[in-house]
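Asks: One structure follows; several queries about it will come next.
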Amino acid sequence: MKKVDILMAGVGGQGTILASNILAEVGLELGYDVKKAEVHGMAQRGGTVESHVRWGEKVYSPVIEQGEVDILLGFEMLETGRWSSFLKKDSVVIINRYRIPPPAVNLGKARYPSEEEIESLIKSNAEKVLWVNATEIASELGNPAMVGVVLLGVLSKHLGGAEDAWLGVIERMVPPKFQELNKKAFLAGREVEVA
Amino acid sequence: MKKLMTGNEAIAYGAYLSGVRVGAAYPGTPSTEIMEHFSRFPGVHAEWSPNEKVAMDVGIGAAYAGTRALVSMKHVGVNVAADSLFYVSYTGLKGGLVLVSSDDPGMHSSQNEQDNRNYAKFAKLPMLEPSDSEEAKQFVGLALEISEAFDTPVMLRTVTRISHSSSPVELSAEEPPGAPPEPPLYERNAGKFVMVPANARRRHPVVEEKIKKLAEYAETLPINRIEPGDNTLGIVAAGSVYQYAREVFPEATFLKLGMVYPLPERLIREFASRVKTVIVIEELDPFFEEQIRLMGIEARGKDIFPMIGEFSPTLIRQCAAAAGLIKEAVVSSEAAATTPASVELPIRPPILCPGCGHRGLFHVLREAGVLVLGDIGCYTLGVAPPLSAMHTCGCMGASIGVAHGVAKAGVKDRVVAVIGDSTFFHAGIHPLINVLYNESNVTAIITDNSVTAMTGHQQHPGTGITLQKKKTVAVDLEKFVRSIGFAKVDVCDPYDLDGLAKVLEEHLSSSQPSVIVARRPCVLYTREKNTPPTVDPDACVNCGTCLELGCPPLMQAEDHVTIDPLLCNGCGLCIQVCPSEAISR
């Protein structure tokens, strides 16, 4: 049983916590030992957020070590770039093409890096970068808040594993009235052609 | 059957399984969810007390009455509850009493990173520290048994990475013990429970004896264990640090401590005799290291690992490599070497949400140029640029007392205290009484969003709803401050910038002490959203005035400002501040 270390990076309010909960439950379902770490509280108010999800035969630390990230799931471009030093050569980076400018950028006191700059930053450590318009897909389905579930769809395709296991967990974790829409978002993510 | 649980959820579950029937807490990151989870179990009383000291006394009362009780709080909450913690250490109790202290190394959401293991030594009581959720569940039960067997409160310490990390927990097939069939009589024993000096003098030797017995008990307690391995390095660790160290030193011999106070001296000696070098790895203070060295055992620790900040496997590996304990940490140096320095990533600090009422208040305070003595809550973010309108913030309830002191020092500045509604009920009442009693002309602004927002929207004495969702009396802020003697009291809506500015000016020019309640319920909680305004690019002169509100949807475009309708909550503050009337809806 190989280990899978997944880091999610985004901005408070983007729904990284629900996505990491689903991901952790799927790991347990697939028979892994699982640990998950995140931070609540002040950081959630529009600040940088990250969730660590670790699958393995035996997992000790809930936080992933630098250079051990297998998959970086980026909810926002800048926040994805911020974790580049945690990547290794064969890490896979799934990155949502979406910007939320931080306050200094809004005030014109800092510059938001370009897509090329973020890609080159990531590629200085990891070889594989997959761009996804996940917020756009979620918005088209009716709710940009489902961006995490779209990204999980992309991730699930990459990790392999039965579609049913994922859909079962989503059904369990999402309130009944949002279930169908979330399943749709997940399947839309699975169908994304990634470059 | 296993279920993924956070440490907080596991503590609540363990408490329920162990027959805890009374729980009390004040919300505080990273402890908050303990009492939220506990409150959902059948047949229990769980409450948000106004502050941690009240919560502690509630737990003590339940334990005196023979009922098992759980009290939880963040590390700095224990400072508030400390007076009670110290007396209950002397009196002991009847039913088991566990105090959970959730520490926050790295200060993810706190004003300091005090190491609350010191409280166990200071208050002379035992402390357990779990290293994952399964242990968190089990240690609560064990703590209650120890509490009753040794007639002492027991502390359970977690850190953020235990409280907010999830790992599998074995579900119990057994039901927890039921309530007693008949309400028992309270057993009266003044000699034990009334701490007048004569009684307290008799209790102190009992306490010292208790700690000695607990140290003996710790020698054979299975949660303190030697995990054999290569004998070159012997690692002493507890809690989350144990997990990190396990990854960095897979071959080493470990002493895994589940009871972090008092320490098992014979076990530590035996461990030390088995290994060449003893290495103590602990976050924050050298709590184990100092005690182990006092035993005359050679140990390394803080000469290798820092006293500051949160640990991680990465940090432990880097420190261990620098000290020559392991081979060089290859990955990190390679990563650092290949990160192009040319791409600068702007930081993203937490900020007030779009639609937050606090924003209107801090805009008005900044424009008025007053000195703002602040407090703890979402509104502490008023310190951040561009609002930059808070000048002190130390702990819960400090604002009003500090404002009074500054006023008494006779500064030229006009002085206001800013305190949230939940924080006011927590620790703001006494300093407000002091303003009247000792006569200063402080204006206290209660910035009332009608919920404990920062920790995730908990109820408080002003909301009229309990933790267990029952309707109850809502303490009326205006009536309350009038009843203690304030004559000048006004209620304002911080969305109305001109109205608020006018009232503020009136209060500041008055010589009497006064209170302004700036009331706007938290929009994250009410989910209220109004139509987002738009910017007319032709009318916008790009002066940047609206950007000075620091509201996330307002963004600098090419030669004008735009509003992201997805982020915008429609509060309309930007419409009010725009000097060119370029923003409308």
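For the structure tokens, the naming scheme is as follows: chains receive sequential letters (A, B, ...) according to their order of presentation, residues are indexed from 1 within each chain, and ligands are indexed from 1 in presentation order.
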Could you give me the residues within stretch 126-187 of chain B that DSSP places in helix (DSSP H, G or I), as number ranges by chain?

Replies: B: 133-150, 160-163

Asks: Go ahead and dump the residues you just picked, C-alpha atoms, as an mmCIF file, in the first residue's frame.

Replies:
```cif
data_model
loop_
_atom_site.group_PDB
_atom_site.id
_atom_site.type_symbol
_atom_site.label_atom_id
_atom_site.label_comp_id
_atom_site.auth_asym_id
_atom_site.auth_seq_id
_atom_site.Cartn_x
_atom_site.Cartn_y
_atom_site.Cartn_z
ATOM 1 C CA SER B 133 -7.846 11.311 18.347
ATOM 2 C CA GLU B 134 -8.067 7.712 19.606
ATOM 3 C CA GLU B 135 -5.849 8.630 22.553
ATOM 4 C CA ALA B 136 -7.875 11.807 23.090
ATOM 5 C CA LYS B 137 -10.995 9.675 23.521
ATOM 6 C CA GLN B 138 -9.270 7.176 25.838
ATOM 7 C CA PHE B 139 -7.373 9.735 27.901
ATOM 8 C CA VAL B 140 -10.580 11.526 28.916
ATOM 9 C CA GLY B 141 -11.857 8.300 30.492
ATOM 10 C CA LEU B 142 -8.509 7.672 32.165
ATOM 11 C CA ALA B 143 -8.360 11.264 33.415
ATOM 12 C CA LEU B 144 -11.765 10.852 35.078
ATOM 13 C CA GLU B 145 -10.643 7.623 36.777
ATOM 14 C CA ILE B 146 -7.460 9.296 38.026
ATOM 15 C CA SER B 147 -9.497 12.289 39.177
ATOM 16 C CA GLU B 148 -11.722 10.131 41.366
ATOM 17 C CA ALA B 149 -8.981 7.753 42.555
ATOM 18 C CA PHE B 150 -6.639 10.577 43.629
ATOM 19 C CA THR B 160 -3.868 22.846 17.737
ATOM 20 C CA ARG B 161 -2.525 19.897 15.738
ATOM 21 C CA ILE B 162 -4.388 17.456 18.008
ATOM 22 C CA SER B 163 -7.556 19.544 18.464
#
```

Asks: What are the closest atom pairs, with distances in Å to one decimal, for all residues of chain B lying within 6 Å of chain A? Consider only C-alpha atoms, order rows by chain and residue number, and present the result as CSV.

Replies:
```
residue,atom,partner,partner_atom,distance
B:Thr29,CA,A:Gly41,CA,6.0
B:Ser109,CA,A:Met42,CA,5.3
B:Ser165,CA,A:Ala37,CA,4.2
B:Ser166,CA,A:Lys36,CA,5.0
B:Ser167,CA,A:Lys35,CA,4.8
B:Gln243,CA,A:Tyr60,CA,4.9
B:Tyr244,CA,A:Ser61,CA,5.1
B:Pro313,CA,A:Glu65,CA,5.6
B:Thr314,CA,A:Glu65,CA,5.1
B:Val331,CA,A:Gly67,CA,5.6
B:Ala335,CA,A:Ser85,CA,5.4
B:Thr338,CA,A:Ser124,CA,5.9
B:Arg348,CA,A:Pro102,CA,5.3
B:Pro349,CA,A:Gly47,CA,5.0
B:Pro350,CA,A:Gly47,CA,4.0
B:Ile351,CA,A:Arg45,CA,5.7
B:Thr455,CA,A:Gly41,CA,5.5
B:Met555,CA,A:Asn106,CA,4.7
B:Gln556,CA,A:Asn106,CA,5.3
```

Asks: Can those selected residues be exported to a file as a PDB file, in the first residue's frame so that it contains N, CA and C atoms?

Replies:
```pdb
ATOM      1  N   THR B  29     -10.399  29.291  20.150  1.00  0.00           N
ATOM      2  CA  THR B  29      -9.653  28.442  19.235  1.00  0.00           C
ATOM      3  C   THR B  29      -8.359  28.001  19.903  1.00  0.00           C
ATOM      4  N   SER B 109      -4.160  31.412  16.227  1.00  0.00           N
ATOM      5  CA  SER B 109      -5.320  32.246  16.535  1.00  0.00           C
ATOM      6  C   SER B 109      -5.268  32.694  17.992  1.00  0.00           C
ATOM      7  N   SER B 165      -6.838  18.173  14.174  1.00  0.00           N
ATOM      8  CA  SER B 165      -6.457  17.113  13.245  1.00  0.00           C
ATOM      9  C   SER B 165      -7.420  15.953  13.425  1.00  0.00           C
ATOM     10  N   SER B 166      -7.641  15.234  12.336  1.00  0.00           N
ATOM     11  CA  SER B 166      -8.555  14.091  12.390  1.00  0.00           C
ATOM     12  C   SER B 166      -7.778  12.800  12.222  1.00  0.00           C
ATOM     13  N   SER B 167      -8.200  11.758  12.951  1.00  0.00           N
ATOM     14  CA  SER B 167      -7.672  10.414  12.761  1.00  0.00           C
ATOM     15  C   SER B 167      -8.746   9.429  13.227  1.00  0.00           C
ATOM     16  N   GLN B 243       4.432  12.212  17.256  1.00  0.00           N
ATOM     17  CA  GLN B 243       4.125  11.738  15.901  1.00  0.00           C
ATOM     18  C   GLN B 243       5.136  12.271  14.881  1.00  0.00           C
ATOM     19  N   TYR B 244       5.484  13.560  15.013  1.00  0.00           N
ATOM     20  CA  TYR B 244       6.466  14.146  14.088  1.00  0.00           C
ATOM     21  C   TYR B 244       7.809  13.410  14.237  1.00  0.00           C
ATOM     22  N   PRO B 313       7.295  17.896  11.267  1.00  0.00           N
ATOM     23  CA  PRO B 313       8.345  16.954  10.875  1.00  0.00           C
ATOM     24  C   PRO B 313       9.483  17.674  10.151  1.00  0.00           C
ATOM     25  N   THR B 314       9.128  18.662   9.325  1.00  0.00           N
ATOM     26  CA  THR B 314      10.148  19.407   8.577  1.00  0.00           C
ATOM     27  C   THR B 314      11.125  20.084   9.527  1.00  0.00           C
ATOM     28  N   VAL B 331      15.987  17.269   0.987  1.00  0.00           N
ATOM     29  CA  VAL B 331      14.892  17.834   0.202  1.00  0.00           C
ATOM     30  C   VAL B 331      14.759  19.341   0.372  1.00  0.00           C
ATOM     31  N   ALA B 335      14.973  22.239  -2.362  1.00  0.00           N
ATOM     32  CA  ALA B 335      13.809  23.051  -2.705  1.00  0.00           C
ATOM     33  C   ALA B 335      14.139  24.528  -2.570  1.00  0.00           C
ATOM     34  N   THR B 338      16.177  25.873  -5.387  1.00  0.00           N
ATOM     35  CA  THR B 338      15.597  25.985  -6.717  1.00  0.00           C
ATOM     36  C   THR B 338      14.381  26.913  -6.779  1.00  0.00           C
ATOM     37  N   ARG B 348      -1.227  37.273   2.429  1.00  0.00           N
ATOM     38  CA  ARG B 348      -2.680  37.322   2.493  1.00  0.00           C
ATOM     39  C   ARG B 348      -3.105  37.198   3.960  1.00  0.00           C
ATOM     40  N   PRO B 349      -3.101  38.317   4.681  1.00  0.00           N
ATOM     41  CA  PRO B 349      -3.499  38.245   6.083  1.00  0.00           C
ATOM     42  C   PRO B 349      -5.020  38.120   6.188  1.00  0.00           C
ATOM     43  N   PRO B 350      -5.531  37.610   7.332  1.00  0.00           N
ATOM     44  CA  PRO B 350      -6.984  37.605   7.506  1.00  0.00           C
ATOM     45  C   PRO B 350      -7.504  39.036   7.549  1.00  0.00           C
ATOM     46  N   ILE B 351      -8.732  39.239   7.061  1.00  0.00           N
ATOM     47  CA  ILE B 351      -9.311  40.584   7.022  1.00  0.00           C
ATOM     48  C   ILE B 351     -10.787  40.519   7.417  1.00  0.00           C
ATOM     49  N   THR B 455     -14.823  32.674  16.723  1.00  0.00           N
ATOM     50  CA  THR B 455     -14.629  31.244  16.981  1.00  0.00           C
ATOM     51  C   THR B 455     -15.629  30.383  16.211  1.00  0.00           C
ATOM     52  N   MET B 555     -11.716  46.430  -5.972  1.00  0.00           N
ATOM     53  CA  MET B 555     -10.418  46.130  -6.569  1.00  0.00           C
ATOM     54  C   MET B 555      -9.982  47.238  -7.503  1.00  0.00           C
ATOM     55  N   GLN B 556      -8.685  47.423  -7.534  1.00  0.00           N
ATOM     56  CA  GLN B 556      -8.093  48.409  -8.429  1.00  0.00           C
ATOM     57  C   GLN B 556      -8.042  47.821  -9.843  1.00  0.00           C
TER      58      GLN B 556
END
```

Asks: Have a look at atom CA of B:Leu221 and atom CA of B:Leu93 and let me know their distance in Å, one decimal.

Replies: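 If I compute the distance from atom CA of B:Leu221 to atom CA of B:Leu93, I get 22.5 Å.
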
Asks: Any idea what the distance is between atom CA of A:Ile22 and atom CA of A:Glu76?

Replies: 19.1 Å

Asks: Would you list, as a list in words, the residues of stretch 9-70 of chain A that end up in strand (DSSP E or B) under DSSP run on this structure's backbone?

Replies: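 Restricting stretch 9-70 of chain A to strand (DSSP E or B) produces Ala9, Gly10, Val11, Asp33, Val34, Lys35, Lys36, Ala37, Glu38, Thr48, Val49, Glu50, Ser51, His52, Val53, Arg54, Trp55, Gly56, Val69 and Asp70 of chain A.
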
Asks: Could you save those same residues with C-alpha atoms as a PDB file, in the first residue's frame?

Replies:
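So again03.pdb came out as:
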```pdb
ATOM      1  CA  ALA A   9      -4.299  25.327  -0.473  1.00  0.00           C
ATOM      2  CA  GLY A  10      -6.781  28.148  -0.790  1.00  0.00           C
ATOM      3  CA  VAL A  11      -8.373  31.208   0.756  1.00  0.00           C
ATOM      4  CA  ASP A  33      -4.906   4.782   7.776  1.00  0.00           C
ATOM      5  CA  VAL A  34      -5.790   8.456   7.488  1.00  0.00           C
ATOM      6  CA  LYS A  35      -4.808  11.703   9.168  1.00  0.00           C
ATOM      7  CA  LYS A  36      -5.907  15.218   8.360  1.00  0.00           C
ATOM      8  CA  ALA A  37      -4.800  18.575   9.697  1.00  0.00           C
ATOM      9  CA  GLU A  38      -6.115  22.067   9.281  1.00  0.00           C
ATOM     10  CA  THR A  48      -4.411  31.791   3.672  1.00  0.00           C
ATOM     11  CA  VAL A  49      -5.724  28.310   4.508  1.00  0.00           C
ATOM     12  CA  GLU A  50      -4.321  24.852   3.979  1.00  0.00           C
ATOM     13  CA  SER A  51      -5.444  21.320   4.714  1.00  0.00           C
ATOM     14  CA  HIS A  52      -3.186  18.299   4.904  1.00  0.00           C
ATOM     15  CA  VAL A  53      -4.704  14.898   4.090  1.00  0.00           C
ATOM     16  CA  ARG A  54      -2.504  11.832   4.433  1.00  0.00           C
ATOM     17  CA  TRP A  55      -3.322   8.286   3.345  1.00  0.00           C
ATOM     18  CA  GLY A  56      -0.934   5.430   4.168  1.00  0.00           C
ATOM     19  CA  VAL A  69       3.641  16.313  -1.061  1.00  0.00           C
ATOM     20  CA  ASP A  70       2.362  13.884  -3.703  1.00  0.00           C
TER      21      ASP A  70
END
```

Asks: Just want the 9 Å neighbourhood of stretch 121-128 of chain B, counted on only C-alpha atoms, with same-chain residues fewer than 2 positions away dropped. Output as a short mmCIF file (atom, residue, chain, number, x, y, z; two decimals) with N, CA and C atoms, in the first residue's frame.

Replies:
```cif
data_model
loop_
_atom_site.label_atom_id
_atom_site.label_comp_id
_atom_site.auth_asym_id
_atom_site.auth_seq_id
_atom_site.Cartn_x
_atom_site.Cartn_y
_atom_site.Cartn_z
N ALA B 82 -7.76 30.35 36.40
CA ALA B 82 -6.69 29.83 37.27
C ALA B 82 -7.05 29.90 38.75
N LEU B 85 -9.01 26.95 39.51
CA LEU B 85 -8.21 25.73 39.33
C LEU B 85 -7.35 25.47 40.58
N PHE B 86 -6.80 26.55 41.13
CA PHE B 86 -5.89 26.39 42.26
C PHE B 86 -6.65 25.99 43.54
N TYR B 87 -7.87 26.50 43.74
CA TYR B 87 -8.56 26.07 44.97
C TYR B 87 -9.05 24.63 44.86
N SER B 89 -7.70 22.27 43.32
CA SER B 89 -6.58 21.36 43.52
C SER B 89 -6.44 21.04 45.02
N TYR B 90 -6.73 22.01 45.87
CA TYR B 90 -6.67 21.80 47.33
C TYR B 90 -7.87 21.01 47.84
N ARG B 117 1.55 23.20 30.15
CA ARG B 117 2.04 22.11 31.00
C ARG B 117 2.51 22.68 32.33
N ASN B 118 2.96 23.95 32.28
CA ASN B 118 3.43 24.58 33.52
C ASN B 118 2.33 24.68 34.57
N TYR B 119 1.08 24.78 34.13
CA TYR B 119 -0.03 24.87 35.08
C TYR B 119 -0.16 23.61 35.94
N PRO B 130 -2.71 13.61 24.88
CA PRO B 130 -2.88 12.62 23.80
C PRO B 130 -2.11 13.00 22.56
N PHE B 139 -7.98 9.01 26.78
CA PHE B 139 -7.37 9.74 27.90
C PHE B 139 -8.41 10.48 28.74
N VAL B 140 -9.53 10.86 28.12
CA VAL B 140 -10.58 11.53 28.92
C VAL B 140 -11.10 10.55 29.98
N LEU B 142 -9.58 7.91 31.19
CA LEU B 142 -8.51 7.67 32.17
C LEU B 142 -8.39 8.85 33.13
N ALA B 143 -8.48 10.06 32.58
CA ALA B 143 -8.36 11.26 33.41
C ALA B 143 -9.46 11.29 34.48
N ILE B 146 -8.53 8.76 37.18
CA ILE B 146 -7.46 9.30 38.03
C ILE B 146 -8.04 10.37 38.95
N SER B 147 -8.91 11.20 38.41
CA SER B 147 -9.50 12.29 39.18
C SER B 147 -10.20 11.74 40.42
N THR B 152 -8.59 14.59 42.79
CA THR B 152 -7.94 15.78 42.21
C THR B 152 -8.54 16.10 40.84
N PRO B 153 -8.60 17.38 40.48
CA PRO B 153 -8.92 17.67 39.08
C PRO B 153 -7.75 17.20 38.21
N VAL B 154 -8.03 16.82 36.97
CA VAL B 154 -6.98 16.38 36.05
C VAL B 154 -7.06 17.26 34.81
N MET B 155 -5.90 17.72 34.35
CA MET B 155 -5.87 18.49 33.10
C MET B 155 -5.53 17.58 31.94
N LEU B 156 -6.20 17.84 30.82
CA LEU B 156 -5.90 17.16 29.57
C LEU B 156 -5.43 18.25 28.62
N ARG B 157 -4.18 18.14 28.18
CA ARG B 157 -3.65 19.19 27.31
C ARG B 157 -3.67 18.72 25.86
N THR B 158 -4.18 19.56 24.99
CA THR B 158 -4.02 19.31 23.56
C THR B 158 -3.32 20.51 22.96
N VAL B 207 -2.21 17.66 49.34
CA VAL B 207 -1.92 17.92 47.93
C VAL B 207 -0.50 17.45 47.58
N GLU B 208 0.46 17.76 48.46
CA GLU B 208 1.85 17.36 48.20
C GLU B 208 1.96 15.83 48.18
N LYS B 210 -0.43 13.81 47.41
CA LYS B 210 -1.14 13.38 46.20
C LYS B 210 -0.20 13.36 44.99
N ILE B 211 0.60 14.39 44.86
CA ILE B 211 1.51 14.47 43.71
C ILE B 211 2.57 13.37 43.78
N LEU B 214 0.93 10.20 42.75
CA LEU B 214 0.69 10.20 41.30
C LEU B 214 1.98 9.91 40.53
N ALA B 215 3.11 10.41 41.04
CA ALA B 215 4.39 10.14 40.38
C ALA B 215 4.68 8.63 40.45
N LEU B 257 5.50 9.70 26.44
CA LEU B 257 4.84 10.07 27.69
C LEU B 257 3.38 10.46 27.43
N GLY B 258 2.46 9.73 28.04
CA GLY B 258 1.04 10.07 27.95
C GLY B 258 0.63 10.94 29.12
N MET B 259 1.30 10.72 30.28
CA MET B 259 1.09 11.60 31.44
C MET B 259 2.30 12.53 31.49
N VAL B 260 2.05 13.81 31.28
CA VAL B 260 3.18 14.74 31.17
C VAL B 260 3.53 15.39 32.51
N TYR B 261 2.68 15.18 33.54
CA TYR B 261 3.01 15.60 34.89
C TYR B 261 2.15 14.83 35.88
N PRO B 262 2.68 14.33 37.00
CA PRO B 262 4.11 14.27 37.31
C PRO B 262 4.82 13.18 36.51
#
```

Asks: Choose the residue, out of A:Leu151, A:Leu159, A:Met146, A:Val132, that has the smallest atom-to-atom separation from A:Glu193; count only C-alpha atoms.

Replies: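 Comparing A:Leu151, A:Leu159, A:Met146, A:Val132 against A:Glu193, the winner is A:Val132.
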
Asks: Counting only C-alpha atoms, which residue out of B:Ile223, B:Ala474, B:Met396, B:Val523 sits closest to B:Val76?

Replies: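 Ranking B:Ile223, B:Ala474, B:Met396, B:Val523 by distance to B:Val76, first place goes to B:Met396.
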
Asks: If we count only C-alpha atoms and set the cut-off at 8 Å, which residues sit around A:Thr135, ignoring sequence neighbours fewer than 2 positions away in its own chain? Please answer as number ranges by chain.

Replies: A: 96-98, 133, 137-139, 144-147

Asks: To one decimal in Å, tell me the separation between atom CA of B:Asn79 and atom CA of B:Gln114.

Replies: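 About the pair atom CA of B:Asn79 and atom CA of B:Gln114: they are 10.1 Å apart.
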
Asks: Do you know which residues are at most 9 Å from B:Ala323 counting only C-alpha atoms, after dropping those on the same chain fewer than 3 positions away, and could you put them as a list in words?

Replies: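 In the requested form, the answer reads Asp303, Ile304, Gln318, Cys319, Ala320 and Ile326 of chain B.
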
Asks: Write a file of the selected residues as a PDB file, in the first residue's frame, keeping C-alpha atoms.

Replies:
```pdb
ATOM      1  CA  ASP B 303      20.222  23.229  22.405  1.00  0.00           C
ATOM      2  CA  ILE B 304      18.847  21.511  19.269  1.00  0.00           C
ATOM      3  CA  GLN B 318      16.170  20.334   9.867  1.00  0.00           C
ATOM      4  CA  CYS B 319      17.189  20.827  13.512  1.00  0.00           C
ATOM      5  CA  ALA B 320      18.255  17.193  13.879  1.00  0.00           C
ATOM      6  CA  ILE B 326      20.677  12.467  11.201  1.00  0.00           C
TER       7      ILE B 326
END
```

Asks: So which one's closest to A:Ile17, B:Thr277, B:Leu255, B:His164, B:Arg246? Using only C-alpha atoms, please.

Replies: B:His164

Asks: Might you pull out every residue within 8 Å of A:Val169, with only C-alpha atoms counted and same-chain residues fewer than 3 positions away left off, and present them as a list in words?

Replies: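 Non-adjacent residues within range: Ile22, Glu25, Val26, Ala165, Trp166, Arg172 and Met173 of chain A.
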
Asks: Can I get the selected residues back with C-alpha atoms, as a PDB file, in the first residue's frame?

Replies:
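Saved the output as out32.pdb:
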```pdb
ATOM      1  CA  ILE A  22     -14.482  14.165   1.911  1.00  0.00           C
ATOM      2  CA  GLU A  25     -13.289   9.778   4.426  1.00  0.00           C
ATOM      3  CA  VAL A  26     -12.560   8.340   0.973  1.00  0.00           C
ATOM      4  CA  ALA A 165     -16.535   5.152  -3.288  1.00  0.00           C
ATOM      5  CA  TRP A 166     -16.220   8.895  -3.895  1.00  0.00           C
ATOM      6  CA  ARG A 172     -22.852  11.081   3.222  1.00  0.00           C
ATOM      7  CA  MET A 173     -21.063  14.379   3.808  1.00  0.00           C
TER       8      MET A 173
END
```

Asks: Might you pull out every residue within 10 Å of stretch 493-502 of chain B, with only C-alpha atoms counted and same-chain residues fewer than 4 positions away left off, and present them as a tab-separated table (two decimals) with C-alpha atoms, in the first residue's frame?

Replies:
```tsv
chain	number	residue	atom	x	y	z
B	355	GLY	CA	-20.44	43.36	4.82
B	356	CYS	CA	-18.87	43.31	8.32
B	357	GLY	CA	-20.29	46.00	10.61
B	358	HIS	CA	-16.92	46.44	12.35
B	359	ARG	CA	-15.57	47.98	9.12
B	360	GLY	CA	-17.93	50.96	9.38
B	361	LEU	CA	-16.94	51.49	13.02
B	362	PHE	CA	-13.19	51.45	12.34
B	363	HIS	CA	-13.57	53.73	9.34
B	364	VAL	CA	-15.30	56.29	11.57
B	365	LEU	CA	-12.70	55.86	14.35
B	367	GLU	CA	-11.38	59.46	10.48
B	368	ALA	CA	-11.90	60.81	14.02
B	447	THR	CA	-19.20	46.62	18.80
B	448	ASP	CA	-22.15	44.26	18.83
B	506	GLU	CA	-21.05	64.06	20.76
B	507	HIS	CA	-19.74	61.44	23.21
B	516	ILE	CA	-22.01	53.47	22.43
B	517	VAL	CA	-23.47	50.19	21.25
B	518	ALA	CA	-22.56	49.86	17.55
B	519	ARG	CA	-24.94	47.12	16.50
B	520	ARG	CA	-24.90	45.20	13.22
B	521	PRO	CA	-25.38	41.42	13.35
B	571	CYS	CA	-23.38	46.85	2.77
B	572	GLY	CA	-23.13	50.15	0.88
B	573	LEU	CA	-20.22	51.68	2.85
B	576	GLN	CA	-21.23	56.52	1.32
B	577	VAL	CA	-17.49	57.27	1.18
```
